[in-house]
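Asks: File upload.cif follows (mmCIF, C-alpha atoms):
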```cif
data_final
#
loop_
_atom_site.group_PDB
_atom_site.id
_atom_site.type_symbol
_atom_site.label_atom_id
_atom_site.label_comp_id
_atom_site.auth_asym_id
_atom_site.auth_seq_id
_atom_site.Cartn_x
_atom_site.Cartn_y
_atom_site.Cartn_z
ATOM 1 C CA MET A 19 17.477 -11.195 -20.990
ATOM 2 C CA ILE A 20 14.357 -11.425 -18.795
ATOM 3 C CA TYR A 21 13.398 -8.131 -17.211
ATOM 4 C CA PHE A 22 11.148 -7.919 -14.141
ATOM 5 C CA THR A 23 9.595 -4.511 -13.486
ATOM 6 C CA PHE A 24 9.175 -5.547 -9.844
ATOM 7 C CA ASP A 25 11.374 -7.235 -7.249
ATOM 8 C CA PRO A 26 9.941 -10.596 -6.067
ATOM 9 C CA ARG A 27 10.506 -12.260 -2.719
ATOM 10 C CA PRO A 28 14.073 -13.573 -2.223
ATOM 11 C CA ASP A 29 12.960 -17.212 -2.105
ATOM 12 C CA LEU A 30 11.090 -16.890 -5.407
ATOM 13 C CA LYS A 31 14.064 -15.184 -7.065
ATOM 14 C CA GLU A 32 16.414 -17.867 -5.795
ATOM 15 C CA ASP A 33 14.144 -20.577 -7.169
ATOM 16 C CA LEU A 34 14.064 -18.893 -10.588
ATOM 17 C CA LEU A 35 17.841 -18.571 -10.702
ATOM 18 C CA LYS A 36 18.294 -22.235 -9.770
ATOM 19 C CA SER A 37 15.635 -23.417 -12.212
ATOM 20 C CA PHE A 38 17.073 -21.403 -15.113
ATOM 21 C CA PRO A 39 20.834 -21.071 -14.491
ATOM 22 C CA ASN A 40 21.542 -20.047 -18.088
ATOM 23 C CA GLU A 41 19.109 -17.129 -18.084
ATOM 24 C CA GLU A 42 19.971 -13.534 -17.306
ATOM 25 C CA PHE A 43 17.405 -12.022 -14.962
ATOM 26 C CA VAL A 44 17.137 -8.337 -14.102
ATOM 27 C CA PHE A 45 14.904 -7.465 -11.150
ATOM 28 C CA SER A 46 13.967 -3.803 -10.785
ATOM 29 C CA ARG A 47 11.464 -1.670 -8.931
ATOM 30 C CA THR A 48 11.296 0.789 -11.828
ATOM 31 C CA VAL A 49 11.188 0.536 -15.604
ATOM 32 C CA GLU A 50 14.654 1.627 -16.762
ATOM 33 C CA ASN A 51 15.238 2.224 -20.452
ATOM 34 C CA THR A 52 18.834 0.989 -20.421
ATOM 35 C CA ASP A 53 17.728 -2.499 -19.422
ATOM 36 C CA LEU A 54 14.565 -2.418 -21.510
ATOM 37 C CA ALA A 55 16.571 -2.055 -24.694
ATOM 38 C CA ARG A 56 18.074 -5.503 -24.075
ATOM 39 C CA ALA A 57 14.970 -7.246 -22.757
ATOM 40 C CA GLU A 58 13.624 -10.206 -24.697
ATOM 41 C CA ILE A 59 10.963 -11.007 -22.082
ATOM 42 C CA ILE A 60 9.287 -8.570 -19.694
ATOM 43 C CA VAL A 61 7.494 -9.686 -16.536
ATOM 44 C CA THR A 62 5.225 -6.946 -15.174
ATOM 45 C CA TYR A 63 2.104 -6.306 -13.131
ATOM 46 C CA GLY A 64 0.787 -4.509 -16.222
ATOM 47 C CA GLU A 65 0.412 -1.004 -14.793
ATOM 48 C CA ASP A 66 3.895 0.414 -15.338
ATOM 49 C CA LEU A 67 4.522 -0.001 -19.061
ATOM 50 C CA THR A 68 4.014 2.868 -21.525
ATOM 51 C CA GLU A 69 4.138 3.218 -25.299
ATOM 52 C CA ALA A 70 7.602 4.736 -24.906
ATOM 53 C CA HIS A 71 8.778 1.665 -23.019
ATOM 54 C CA ILE A 72 7.510 -0.633 -25.764
ATOM 55 C CA ALA A 73 9.309 1.479 -28.380
ATOM 56 C CA THR A 74 12.538 1.284 -26.387
ATOM 57 C CA ALA A 75 12.313 -2.495 -25.927
ATOM 58 C CA LYS A 76 13.372 -3.289 -29.493
ATOM 59 C CA ASN A 77 14.305 -6.893 -28.654
ATOM 60 C CA LEU A 78 11.039 -7.612 -26.844
ATOM 61 C CA GLN A 79 9.371 -10.867 -27.885
ATOM 62 C CA TRP A 80 6.998 -11.782 -25.045
ATOM 63 C CA ILE A 81 5.267 -9.998 -22.143
ATOM 64 C CA MET A 82 4.220 -11.938 -19.061
ATOM 65 C CA VAL A 83 1.685 -10.058 -16.907
ATOM 66 C CA ALA A 84 1.546 -11.138 -13.253
ATOM 67 C CA SER A 85 -2.089 -10.054 -13.115
ATOM 68 C CA ALA A 86 -5.348 -10.897 -14.857
ATOM 69 C CA GLY A 87 -6.172 -7.347 -15.988
ATOM 70 C CA ILE A 88 -4.407 -5.684 -18.921
ATOM 71 C CA GLU A 89 -6.549 -2.561 -19.310
ATOM 72 C CA LYS A 90 -3.763 -0.228 -18.119
ATOM 73 C CA MET A 91 -1.200 -1.522 -20.604
ATOM 74 C CA PRO A 92 -0.331 0.172 -23.953
ATOM 75 C CA ASN A 93 -2.187 -2.558 -25.795
ATOM 76 C CA ALA A 94 -2.303 -0.828 -29.180
ATOM 77 C CA ALA A 95 1.475 -0.394 -29.235
ATOM 78 C CA ILE A 96 1.993 -3.997 -28.170
ATOM 79 C CA ALA A 97 -0.446 -5.351 -30.749
ATOM 80 C CA ALA A 98 1.176 -3.275 -33.493
ATOM 81 C CA ARG A 99 4.443 -5.065 -32.789
ATOM 82 C CA GLY A 100 2.729 -8.459 -32.677
ATOM 83 C CA ILE A 101 4.185 -9.165 -29.244
ATOM 84 C CA PRO A 102 2.384 -12.061 -27.498
ATOM 85 C CA VAL A 103 1.050 -11.399 -24.008
ATOM 86 C CA THR A 104 0.211 -13.972 -21.344
ATOM 87 C CA ASN A 105 -1.210 -13.430 -17.890
ATOM 88 C CA VAL A 106 -1.912 -15.360 -14.691
ATOM 89 C CA ARG A 107 -5.616 -15.850 -15.262
ATOM 90 C CA GLY A 108 -7.010 -18.244 -12.675
ATOM 91 C CA ILE A 109 -4.659 -17.601 -9.762
ATOM 92 C CA HIS A 110 -7.065 -15.124 -8.174
ATOM 93 C CA LYS A 111 -9.908 -17.575 -7.862
ATOM 94 C CA VAL A 112 -9.131 -18.862 -4.362
ATOM 95 C CA PRO A 113 -8.543 -15.561 -2.499
ATOM 96 C CA MET A 114 -11.275 -13.702 -4.406
ATOM 97 C CA ALA A 115 -13.875 -16.422 -3.952
ATOM 98 C CA GLU A 116 -13.066 -16.604 -0.238
ATOM 99 C CA SER A 117 -13.336 -12.814 0.024
ATOM 100 C CA VAL A 118 -16.721 -12.769 -1.727
ATOM 101 C CA LEU A 119 -18.037 -15.544 0.500
ATOM 102 C CA MET A 120 -16.706 -13.755 3.604
ATOM 103 C CA HIS A 121 -18.629 -10.587 2.736
ATOM 104 C CA ILE A 122 -21.800 -12.528 1.902
ATOM 105 C CA LEU A 123 -21.789 -14.368 5.228
ATOM 106 C CA ALA A 124 -20.921 -11.176 7.118
ATOM 107 C CA HIS A 125 -23.900 -9.452 5.511
ATOM 108 C CA TYR A 126 -26.319 -12.316 6.119
ATOM 109 C CA HIS A 127 -25.283 -12.734 9.754
ATOM 110 C CA SER A 128 -24.843 -9.053 10.680
ATOM 111 C CA LEU A 129 -21.151 -9.263 11.556
ATOM 112 C CA PRO A 130 -20.492 -5.519 11.115
ATOM 113 C CA GLN A 131 -23.222 -4.738 13.654
ATOM 114 C CA ILE A 132 -21.900 -7.384 16.042
ATOM 115 C CA TYR A 133 -18.440 -5.787 15.857
ATOM 116 C CA GLN A 134 -19.896 -2.342 16.481
ATOM 117 C CA TYR A 135 -21.691 -3.575 19.582
ATOM 118 C CA GLU A 136 -18.496 -5.205 20.805
ATOM 119 C CA THR A 137 -16.475 -1.979 20.589
ATOM 120 C CA LYS A 138 -19.175 -0.275 22.682
ATOM 121 C CA HIS A 139 -19.376 -3.158 25.179
ATOM 122 C CA GLU A 140 -23.063 -3.514 24.372
ATOM 123 C CA TRP A 141 -24.870 -6.828 24.778
ATOM 124 C CA LYS A 142 -27.584 -6.474 22.152
ATOM 125 C CA ARG A 143 -29.369 -9.239 20.325
ATOM 126 C CA ASN A 144 -31.543 -7.221 17.965
ATOM 127 C CA LEU A 145 -29.726 -8.525 14.910
ATOM 128 C CA LYS A 146 -31.298 -9.174 11.539
ATOM 129 C CA GLN A 147 -29.782 -12.514 10.643
ATOM 130 C CA ARG A 148 -30.693 -14.640 7.660
ATOM 131 C CA GLU A 149 -29.607 -17.942 6.233
ATOM 132 C CA LEU A 150 -27.714 -18.079 2.971
ATOM 133 C CA PHE A 151 -29.150 -21.572 2.496
ATOM 134 C CA GLY A 152 -31.601 -21.777 -0.399
ATOM 135 C CA SER A 153 -30.956 -18.328 -1.850
ATOM 136 C CA THR A 154 -30.215 -17.436 -5.478
ATOM 137 C CA ALA A 155 -27.062 -15.783 -6.817
ATOM 138 C CA VAL A 156 -26.431 -14.264 -10.236
ATOM 139 C CA ILE A 157 -22.727 -14.399 -11.109
ATOM 140 C CA LEU A 158 -21.533 -12.075 -13.859
ATOM 141 C CA GLY A 159 -18.431 -13.644 -15.364
ATOM 142 C CA PRO A 160 -18.562 -17.351 -14.411
ATOM 143 C CA GLY A 161 -14.996 -18.103 -15.510
ATOM 144 C CA ALA A 162 -12.234 -19.269 -13.179
ATOM 145 C CA ILE A 163 -13.119 -16.844 -10.365
ATOM 146 C CA GLY A 164 -16.878 -16.875 -10.881
ATOM 147 C CA GLY A 165 -16.850 -20.651 -11.112
ATOM 148 C CA GLU A 166 -15.010 -20.938 -7.799
ATOM 149 C CA ILE A 167 -17.547 -18.578 -6.207
ATOM 150 C CA GLY A 168 -20.295 -20.806 -7.605
ATOM 151 C CA ARG A 169 -18.595 -23.930 -6.240
ATOM 152 C CA LEU A 170 -18.432 -22.476 -2.733
ATOM 153 C CA LEU A 171 -22.016 -21.235 -2.871
ATOM 154 C CA LYS A 172 -23.163 -24.719 -3.873
ATOM 155 C CA GLY A 173 -22.084 -25.844 -0.404
ATOM 156 C CA PHE A 174 -24.819 -23.574 0.989
ATOM 157 C CA ASN A 175 -27.470 -24.920 -1.379
ATOM 158 C CA VAL A 176 -27.490 -21.680 -3.364
ATOM 159 C CA THR A 177 -28.992 -21.658 -6.853
ATOM 160 C CA THR A 178 -26.456 -20.137 -9.232
ATOM 161 C CA ILE A 179 -27.241 -18.273 -12.451
ATOM 162 C CA GLY A 180 -24.260 -17.380 -14.614
ATOM 163 C CA CYS A 181 -24.134 -14.497 -17.061
ATOM 164 C CA ASN A 182 -21.551 -13.993 -19.797
ATOM 165 C CA ARG A 183 -21.345 -12.570 -23.316
ATOM 166 C CA SER A 184 -22.320 -15.827 -25.035
ATOM 167 C CA GLY A 185 -24.610 -17.552 -22.543
ATOM 168 C CA ARG A 186 -22.636 -20.775 -22.955
ATOM 169 C CA ASP A 187 -22.638 -23.287 -20.108
ATOM 170 C CA ALA A 188 -20.159 -22.749 -17.287
ATOM 171 C CA ALA A 189 -19.076 -24.866 -14.334
ATOM 172 C CA TYR A 190 -21.165 -24.755 -11.134
ATOM 173 C CA MET A 191 -23.938 -22.750 -12.776
ATOM 174 C CA ASP A 192 -27.520 -24.079 -12.659
ATOM 175 C CA LYS A 193 -28.533 -21.762 -15.472
ATOM 176 C CA MET A 194 -26.784 -19.497 -17.963
ATOM 177 C CA VAL A 195 -27.859 -16.288 -19.688
ATOM 178 C CA CYS A 196 -26.084 -13.802 -21.953
ATOM 179 C CA PHE A 197 -25.629 -10.104 -21.198
ATOM 180 C CA ASP A 198 -28.777 -9.173 -23.108
ATOM 181 C CA GLU A 199 -30.818 -11.499 -20.892
ATOM 182 C CA LEU A 200 -29.404 -10.301 -17.580
ATOM 183 C CA LYS A 201 -32.397 -8.139 -16.664
ATOM 184 C CA SER A 202 -34.741 -11.136 -16.928
ATOM 185 C CA VAL A 203 -33.024 -13.074 -14.117
ATOM 186 C CA LEU A 204 -32.358 -10.205 -11.706
ATOM 187 C CA PRO A 205 -35.813 -10.282 -10.025
ATOM 188 C CA ALA A 206 -34.997 -13.756 -8.673
ATOM 189 C CA ALA A 207 -31.563 -12.824 -7.350
ATOM 190 C CA ASP A 208 -30.781 -12.461 -3.662
ATOM 191 C CA ILE A 209 -27.129 -11.823 -4.531
ATOM 192 C CA VAL A 210 -25.616 -10.307 -7.682
ATOM 193 C CA VAL A 211 -21.831 -10.557 -7.890
ATOM 194 C CA SER A 212 -19.675 -9.401 -10.785
ATOM 195 C CA VAL A 213 -16.131 -10.512 -11.501
ATOM 196 C CA LEU A 214 -16.174 -9.247 -15.087
ATOM 197 C CA PRO A 215 -13.079 -7.679 -16.697
ATOM 198 C CA ASP A 216 -12.960 -4.180 -18.146
ATOM 199 C CA THR A 217 -13.961 -4.404 -21.821
ATOM 200 C CA GLU A 218 -16.063 -2.415 -24.257
ATOM 201 C CA GLU A 219 -18.946 -4.840 -23.668
ATOM 202 C CA THR A 220 -18.797 -4.670 -19.876
ATOM 203 C CA LYS A 221 -18.363 -0.899 -19.520
ATOM 204 C CA HIS A 222 -21.471 0.402 -17.710
ATOM 205 C CA LEU A 223 -23.182 -2.936 -18.336
ATOM 206 C CA MET A 224 -25.155 -2.494 -15.104
ATOM 207 C CA THR A 225 -27.582 0.385 -15.551
ATOM 208 C CA ALA A 226 -30.295 1.995 -13.417
ATOM 209 C CA GLN A 227 -32.811 -0.295 -15.115
ATOM 210 C CA HIS A 228 -30.919 -3.345 -13.874
ATOM 211 C CA PHE A 229 -31.053 -2.094 -10.301
ATOM 212 C CA ASP A 230 -34.758 -1.332 -10.761
ATOM 213 C CA ALA A 231 -35.264 -4.992 -11.650
ATOM 214 C CA MET A 232 -33.549 -6.282 -8.494
ATOM 215 C CA LYS A 233 -35.143 -7.098 -5.149
ATOM 216 C CA ASP A 234 -35.037 -4.270 -2.635
ATOM 217 C CA THR A 235 -33.305 -6.731 -0.302
ATOM 218 C CA ALA A 236 -30.672 -7.863 -2.836
ATOM 219 C CA LEU A 237 -26.943 -7.702 -2.152
ATOM 220 C CA PHE A 238 -24.902 -6.271 -5.064
ATOM 221 C CA MET A 239 -21.183 -7.050 -5.188
ATOM 222 C CA ASN A 240 -18.601 -5.778 -7.664
ATOM 223 C CA PHE A 241 -15.251 -7.549 -7.484
ATOM 224 C CA GLY A 242 -14.294 -7.309 -11.155
ATOM 225 C CA ARG A 243 -13.736 -3.788 -12.463
ATOM 226 C CA GLY A 244 -15.218 -0.441 -11.444
ATOM 227 C CA SER A 245 -16.264 0.370 -15.006
ATOM 228 C CA LEU A 246 -19.164 -2.093 -14.691
ATOM 229 C CA VAL A 247 -21.460 0.581 -13.257
ATOM 230 C CA GLU A 248 -21.452 4.366 -13.170
ATOM 231 C CA THR A 249 -20.793 5.635 -9.655
ATOM 232 C CA ASN A 250 -23.867 7.873 -9.669
ATOM 233 C CA VAL A 251 -26.059 4.931 -10.679
ATOM 234 C CA LEU A 252 -24.755 2.875 -7.766
ATOM 235 C CA ILE A 253 -25.234 5.758 -5.319
ATOM 236 C CA GLU A 254 -28.791 6.248 -6.522
ATOM 237 C CA ALA A 255 -29.594 2.544 -6.156
ATOM 238 C CA LEU A 256 -28.362 2.608 -2.553
ATOM 239 C CA THR A 257 -29.834 5.937 -1.436
ATOM 240 C CA GLU A 258 -33.218 5.146 -2.960
ATOM 241 C CA ASN A 259 -33.139 1.643 -1.465
ATOM 242 C CA LYS A 260 -33.573 -0.045 -4.824
ATOM 243 C CA ILE A 261 -31.352 -2.770 -3.351
ATOM 244 C CA GLY A 262 -30.583 -3.815 0.189
ATOM 245 C CA ALA A 263 -26.826 -3.318 0.229
ATOM 246 C CA ALA A 264 -23.648 -3.308 -1.819
ATOM 247 C CA VAL A 265 -20.091 -4.497 -1.332
ATOM 248 C CA CYS A 266 -17.535 -3.215 -3.824
ATOM 249 C CA ASP A 267 -13.840 -4.000 -4.065
ATOM 250 C CA VAL A 268 -13.439 -1.921 -7.247
ATOM 251 C CA PHE A 269 -14.569 1.552 -8.301
ATOM 252 C CA GLU A 270 -14.605 3.822 -11.341
ATOM 253 C CA THR A 271 -11.986 6.017 -9.687
ATOM 254 C CA GLU A 272 -9.332 4.399 -7.518
ATOM 255 C CA PRO A 273 -8.425 5.159 -4.843
ATOM 256 C CA LEU A 274 -12.007 6.056 -4.036
ATOM 257 C CA PRO A 275 -12.030 9.850 -3.440
ATOM 258 C CA VAL A 276 -12.230 10.800 0.229
ATOM 259 C CA ASP A 277 -15.320 12.921 -0.476
ATOM 260 C CA SER A 278 -17.222 10.153 -2.255
ATOM 261 C CA PRO A 279 -20.708 9.631 -0.771
ATOM 262 C CA LEU A 280 -20.113 5.864 -0.940
ATOM 263 C CA TRP A 281 -17.916 6.015 2.175
ATOM 264 C CA ASP A 282 -20.801 7.162 4.369
ATOM 265 C CA LEU A 283 -23.743 5.176 3.022
ATOM 266 C CA PRO A 284 -24.927 2.771 5.744
ATOM 267 C CA ASN A 285 -25.777 0.054 3.209
ATOM 268 C CA MET A 286 -22.421 0.254 1.420
ATOM 269 C CA THR A 287 -19.189 -1.618 2.204
ATOM 270 C CA VAL A 288 -16.033 -0.178 0.648
ATOM 271 C CA SER A 289 -13.192 -2.653 0.116
ATOM 272 C CA PRO A 290 -9.929 -1.070 -1.189
ATOM 273 C CA HIS A 291 -9.298 -3.451 -4.121
ATOM 274 C CA VAL A 292 -7.734 -6.146 -1.953
ATOM 275 C CA SER A 293 -9.847 -9.234 -2.668
ATOM 276 C CA SER A 294 -7.136 -10.847 -4.797
ATOM 277 C CA HIS A 295 -4.385 -10.255 -2.251
ATOM 278 C CA SER A 296 -2.746 -13.371 -0.931
ATOM 279 C CA SER A 297 0.593 -14.411 0.536
ATOM 280 C CA ARG A 298 0.637 -17.006 -2.255
ATOM 281 C CA TYR A 299 -0.029 -14.578 -5.127
ATOM 282 C CA LEU A 300 3.445 -14.548 -6.680
ATOM 283 C CA GLU A 301 3.968 -18.189 -5.811
ATOM 284 C CA ARG A 302 0.991 -19.062 -8.012
ATOM 285 C CA SER A 303 2.107 -16.572 -10.681
ATOM 286 C CA PHE A 304 5.542 -18.165 -10.940
ATOM 287 C CA ALA A 305 3.940 -21.601 -11.140
ATOM 288 C CA ILE A 306 2.496 -20.401 -14.466
ATOM 289 C CA PHE A 307 5.540 -18.434 -15.615
ATOM 290 C CA LYS A 308 8.147 -21.184 -15.127
ATOM 291 C CA PRO A 309 6.501 -23.832 -17.364
ATOM 292 C CA ASN A 310 5.769 -21.121 -19.914
ATOM 293 C CA LEU A 311 9.430 -20.069 -19.929
ATOM 294 C CA GLU A 312 10.476 -23.674 -20.493
ATOM 295 C CA LYS A 313 8.082 -23.902 -23.449
ATOM 296 C CA TRP A 314 9.351 -20.596 -24.814
ATOM 297 C CA ARG A 315 12.986 -21.687 -24.694
ATOM 298 C CA SER A 316 12.037 -25.008 -26.321
ATOM 299 C CA GLY A 317 10.469 -23.131 -29.203
ATOM 300 C CA ASN A 318 6.912 -24.149 -28.292
ATOM 301 C CA HIS A 319 5.651 -20.578 -28.339
ATOM 302 C CA GLU A 320 2.131 -21.529 -29.374
ATOM 303 C CA GLU A 321 1.702 -23.756 -26.309
ATOM 304 C CA LEU A 322 2.080 -21.024 -23.686
ATOM 305 C CA GLU A 323 -0.655 -20.951 -21.046
ATOM 306 C CA ASN A 324 -2.987 -17.972 -20.688
ATOM 307 C CA PHE A 325 -2.565 -16.070 -23.928
ATOM 308 C CA VAL A 326 -4.371 -12.718 -23.834
ATOM 309 C CA ASP A 327 -6.440 -11.377 -26.711
ATOM 310 C CA LEU A 328 -5.529 -7.705 -26.733
ATOM 311 C CA THR A 329 -8.562 -6.852 -28.858
ATOM 312 C CA LEU A 330 -10.955 -8.351 -26.296
ATOM 313 C CA GLY A 331 -9.052 -7.212 -23.222
ATOM 314 C CA TYR A 332 -8.725 -10.617 -21.596
#
```
As structure tokens, please, write out the structure in this file.
Replies:
Amino acid sequence: MIYFTFDPRPDLKEDLLKSFPNEEFVFSRTVENTDLARAEIIVTYGEDLTEAHIATAKNLQWIMVASAGIEKMPNAAIAARGIPVTNVRGIHKVPMAESVLMHILAHYHSLPQIYQYETKHEWKRNLKQRELFGSTAVILGPGAIGGEIGRLLKGFNVTTIGCNRSGRDAAYMDKMVCFDELKSVLPAADIVVSVLPDTEETKHLMTAQHFDAMKDTALFMNFGRGSLVETNVLIEALTENKIGAAVCDVFETEPLPVDSPLWDLPNMTVSPHVSSHSSRYLERSFAIFKPNLEKWRSGNHEELENFVDLTLGY
């Protein structure tokens, strides 16, 4: 039995049922122990499973996560059982890259100020507008999402510098550095954007010293995980004008507390963790799940797409 801990759109459910007429699917909005005990495969967003659920699911053989992040899952309990986990790594690249580019262009061409003037019916032209053309961007995590951001930026003649744990070459990056070398390339960056996952290596990777090394006009963007930088460090960088501005879609505490100073900082844009949202999200997720299910039923378990290393967190 295949147990969904969420209820997909009717058209997607109908397609699954037609594609796999011999499968038993259970679609639920909650995680119910009675069904879990029979589940061979669980499909989840990764935020609703607990150690108790894993213990109850005695027939569980595979977990499909309809998300890229797994940091909120009971990974130790899953690993102890040797249960393989796959995710939908790569499906976020289009909406997230478009969102990042939207915020960059809005910042460079003063769109927030234009909108403010419009609401006040004010015809003012004292806007600080710059060209993105010819600038330099440092992209932390140049994988599927970071690579797509790099590809789009290339259309604006932006020099791209990628940064990952190994420093190995990545698509659409003019130069690559490892985490230890990050500080050396920050002085050249007009834009610093992170799409890194939440791992032991990336936790608080960005420190006050990194912001000290950046231009005071630089735009910092965090679209990966809030654990990248301590909130107080980010607030200090903005209030002391170490950087020009920040746009964050993720935060250490979510939802961002209503009394957080970040809401009111004039050089801060708060995005409520929506950059990956898309009307095609589940459509793309199922495009990965369906071939994987066919491989699973054919016994080709080792050929599943997007295996997750629970020890690394991605």
Asks: Give as JSON, numbers by chain every residue, naming chains and numbers as the document does, that has an atom within 8 Å of (-22.3, -6.8, -6.9), counting all atoms listed in the file.
Replies: {"A": [209, 210, 211, 212, 237, 238, 239, 240, 241, 264, 265, 266]}
Asks: Please write the residues picked by the PyMOL selection byres ((chain A and resi 89) around 7) on this file as a VMD selection string.
Replies: chain A and resid 87 to 88 90 to 91 216 331
Asks: Give me, as CSV, the closest atom pair and its distance (Å, one decimal) for every residue of segment 39-92 of chain A within a cut-off of 10 Å of segment 292-311 of chain A, counting all atoms listed in the file, rows sorted by chain and rising number.
Replies:
```
residue,atom,partner,partner_atom,distance
A:Ile59,CA,A:Leu311,CA,9.4
A:Val61,CA,A:Phe307,CA,9.0
A:Met82,CA,A:Phe307,CA,7.5
A:Val83,CA,A:Ser303,CA,9.0
A:Ala84,CA,A:Ser303,CA,6.0
A:Ser85,CA,A:Ser303,CA,8.1
```
Asks: Would you work out the distance separating atom CA of Ser289 of chain A from atom CA of Lys233 of chain A, expressed in Å to one decimal?
Replies: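 Those two atoms sit 23.0 Å apart.
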Asks: Could you check how far atom CA of Tyr63 of chain A sits from atom CA of Gly161 of chain A, in Å to one decimal?
Replies: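 Result for atom CA of Tyr63 of chain A versus atom CA of Gly161 of chain A: 20.9 Å, one decimal.
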Asks: If we count all atoms listed in the file and set the cut-off at 8 Å, which residues sit around Gly152 of chain A, ignoring sequence neighbours fewer than 6 positions away in its own chain? Please answer as a PyMOL selection string.
Replies: chain A and resi 174-177
Asks: Starting from the displayed file, determine the output of the PyMOL selection byres ((chain A and resi 234) around 6) and express the residue list as a PyMOL selection string.
Replies: chain A and resi 233+235-236+260-262
Asks: Mind rebuilding segment 179-196 of chain A with N, CA and C atoms and writing that out as a PDB file, in the coordinates of the input?
Replies:
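New file selection-v3.pdb:
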```pdb
ATOM      1  N   ILE A 179     -26.926 -18.654 -11.070  1.00  0.00           N
ATOM      2  CA  ILE A 179     -27.241 -18.273 -12.451  1.00  0.00           C
ATOM      3  C   ILE A 179     -26.045 -17.501 -12.994  1.00  0.00           C
ATOM      4  N   GLY A 180     -25.418 -18.037 -14.024  1.00  0.00           N
ATOM      5  CA  GLY A 180     -24.260 -17.380 -14.614  1.00  0.00           C
ATOM      6  C   GLY A 180     -24.652 -16.470 -15.756  1.00  0.00           C
ATOM      7  N   CYS A 181     -23.866 -15.425 -15.971  1.00  0.00           N
ATOM      8  CA  CYS A 181     -24.134 -14.497 -17.061  1.00  0.00           C
ATOM      9  C   CYS A 181     -22.819 -14.126 -17.731  1.00  0.00           C
ATOM     10  N   ASN A 182     -22.724 -14.403 -19.032  1.00  0.00           N
ATOM     11  CA  ASN A 182     -21.551 -13.993 -19.797  1.00  0.00           C
ATOM     12  C   ASN A 182     -21.980 -13.511 -21.181  1.00  0.00           C
ATOM     13  N   ARG A 183     -21.017 -13.171 -22.013  1.00  0.00           N
ATOM     14  CA  ARG A 183     -21.345 -12.570 -23.316  1.00  0.00           C
ATOM     15  C   ARG A 183     -22.035 -13.550 -24.254  1.00  0.00           C
ATOM     16  N   SER A 184     -21.767 -14.843 -24.106  1.00  0.00           N
ATOM     17  CA  SER A 184     -22.320 -15.827 -25.035  1.00  0.00           C
ATOM     18  C   SER A 184     -23.493 -16.611 -24.479  1.00  0.00           C
ATOM     19  N   GLY A 185     -23.578 -16.723 -23.149  1.00  0.00           N
ATOM     20  CA  GLY A 185     -24.610 -17.552 -22.543  1.00  0.00           C
ATOM     21  C   GLY A 185     -24.276 -19.030 -22.535  1.00  0.00           C
ATOM     22  N   ARG A 186     -23.046 -19.372 -22.949  1.00  0.00           N
ATOM     23  CA  ARG A 186     -22.636 -20.775 -22.955  1.00  0.00           C
ATOM     24  C   ARG A 186     -22.498 -21.316 -21.545  1.00  0.00           C
ATOM     25  N   ASP A 187     -22.701 -22.626 -21.403  1.00  0.00           N
ATOM     26  CA  ASP A 187     -22.638 -23.287 -20.108  1.00  0.00           C
ATOM     27  C   ASP A 187     -21.304 -23.024 -19.412  1.00  0.00           C
ATOM     28  N   ALA A 188     -21.358 -22.949 -18.096  1.00  0.00           N
ATOM     29  CA  ALA A 188     -20.159 -22.749 -17.287  1.00  0.00           C
ATOM     30  C   ALA A 188     -20.266 -23.618 -16.043  1.00  0.00           C
ATOM     31  N   ALA A 189     -19.118 -23.975 -15.492  1.00  0.00           N
ATOM     32  CA  ALA A 189     -19.076 -24.866 -14.334  1.00  0.00           C
ATOM     33  C   ALA A 189     -19.773 -24.256 -13.123  1.00  0.00           C
ATOM     34  N   TYR A 190     -20.488 -25.095 -12.393  1.00  0.00           N
ATOM     35  CA  TYR A 190     -21.165 -24.755 -11.134  1.00  0.00           C
ATOM     36  C   TYR A 190     -22.294 -23.740 -11.307  1.00  0.00           C
ATOM     37  N   MET A 191     -22.797 -23.621 -12.530  1.00  0.00           N
ATOM     38  CA  MET A 191     -23.938 -22.750 -12.776  1.00  0.00           C
ATOM     39  C   MET A 191     -25.164 -23.608 -13.092  1.00  0.00           C
ATOM     40  N   ASP A 192     -26.275 -23.344 -12.395  1.00  0.00           N
ATOM     41  CA  ASP A 192     -27.520 -24.079 -12.659  1.00  0.00           C
ATOM     42  C   ASP A 192     -28.188 -23.605 -13.934  1.00  0.00           C
ATOM     43  N   LYS A 193     -27.916 -22.350 -14.287  1.00  0.00           N
ATOM     44  CA  LYS A 193     -28.533 -21.762 -15.472  1.00  0.00           C
ATOM     45  C   LYS A 193     -27.579 -20.717 -16.027  1.00  0.00           C
ATOM     46  N   MET A 194     -27.633 -20.505 -17.340  1.00  0.00           N
ATOM     47  CA  MET A 194     -26.784 -19.497 -17.963  1.00  0.00           C
ATOM     48  C   MET A 194     -27.616 -18.558 -18.824  1.00  0.00           C
ATOM     49  N   VAL A 195     -27.246 -17.277 -18.806  1.00  0.00           N
ATOM     50  CA  VAL A 195     -27.859 -16.288 -19.688  1.00  0.00           C
ATOM     51  C   VAL A 195     -26.743 -15.422 -20.269  1.00  0.00           C
ATOM     52  N   CYS A 196     -27.048 -14.741 -21.376  1.00  0.00           N
ATOM     53  CA  CYS A 196     -26.084 -13.802 -21.953  1.00  0.00           C
ATOM     54  C   CYS A 196     -26.361 -12.399 -21.403  1.00  0.00           C
TER      55      CYS A 196
END
```
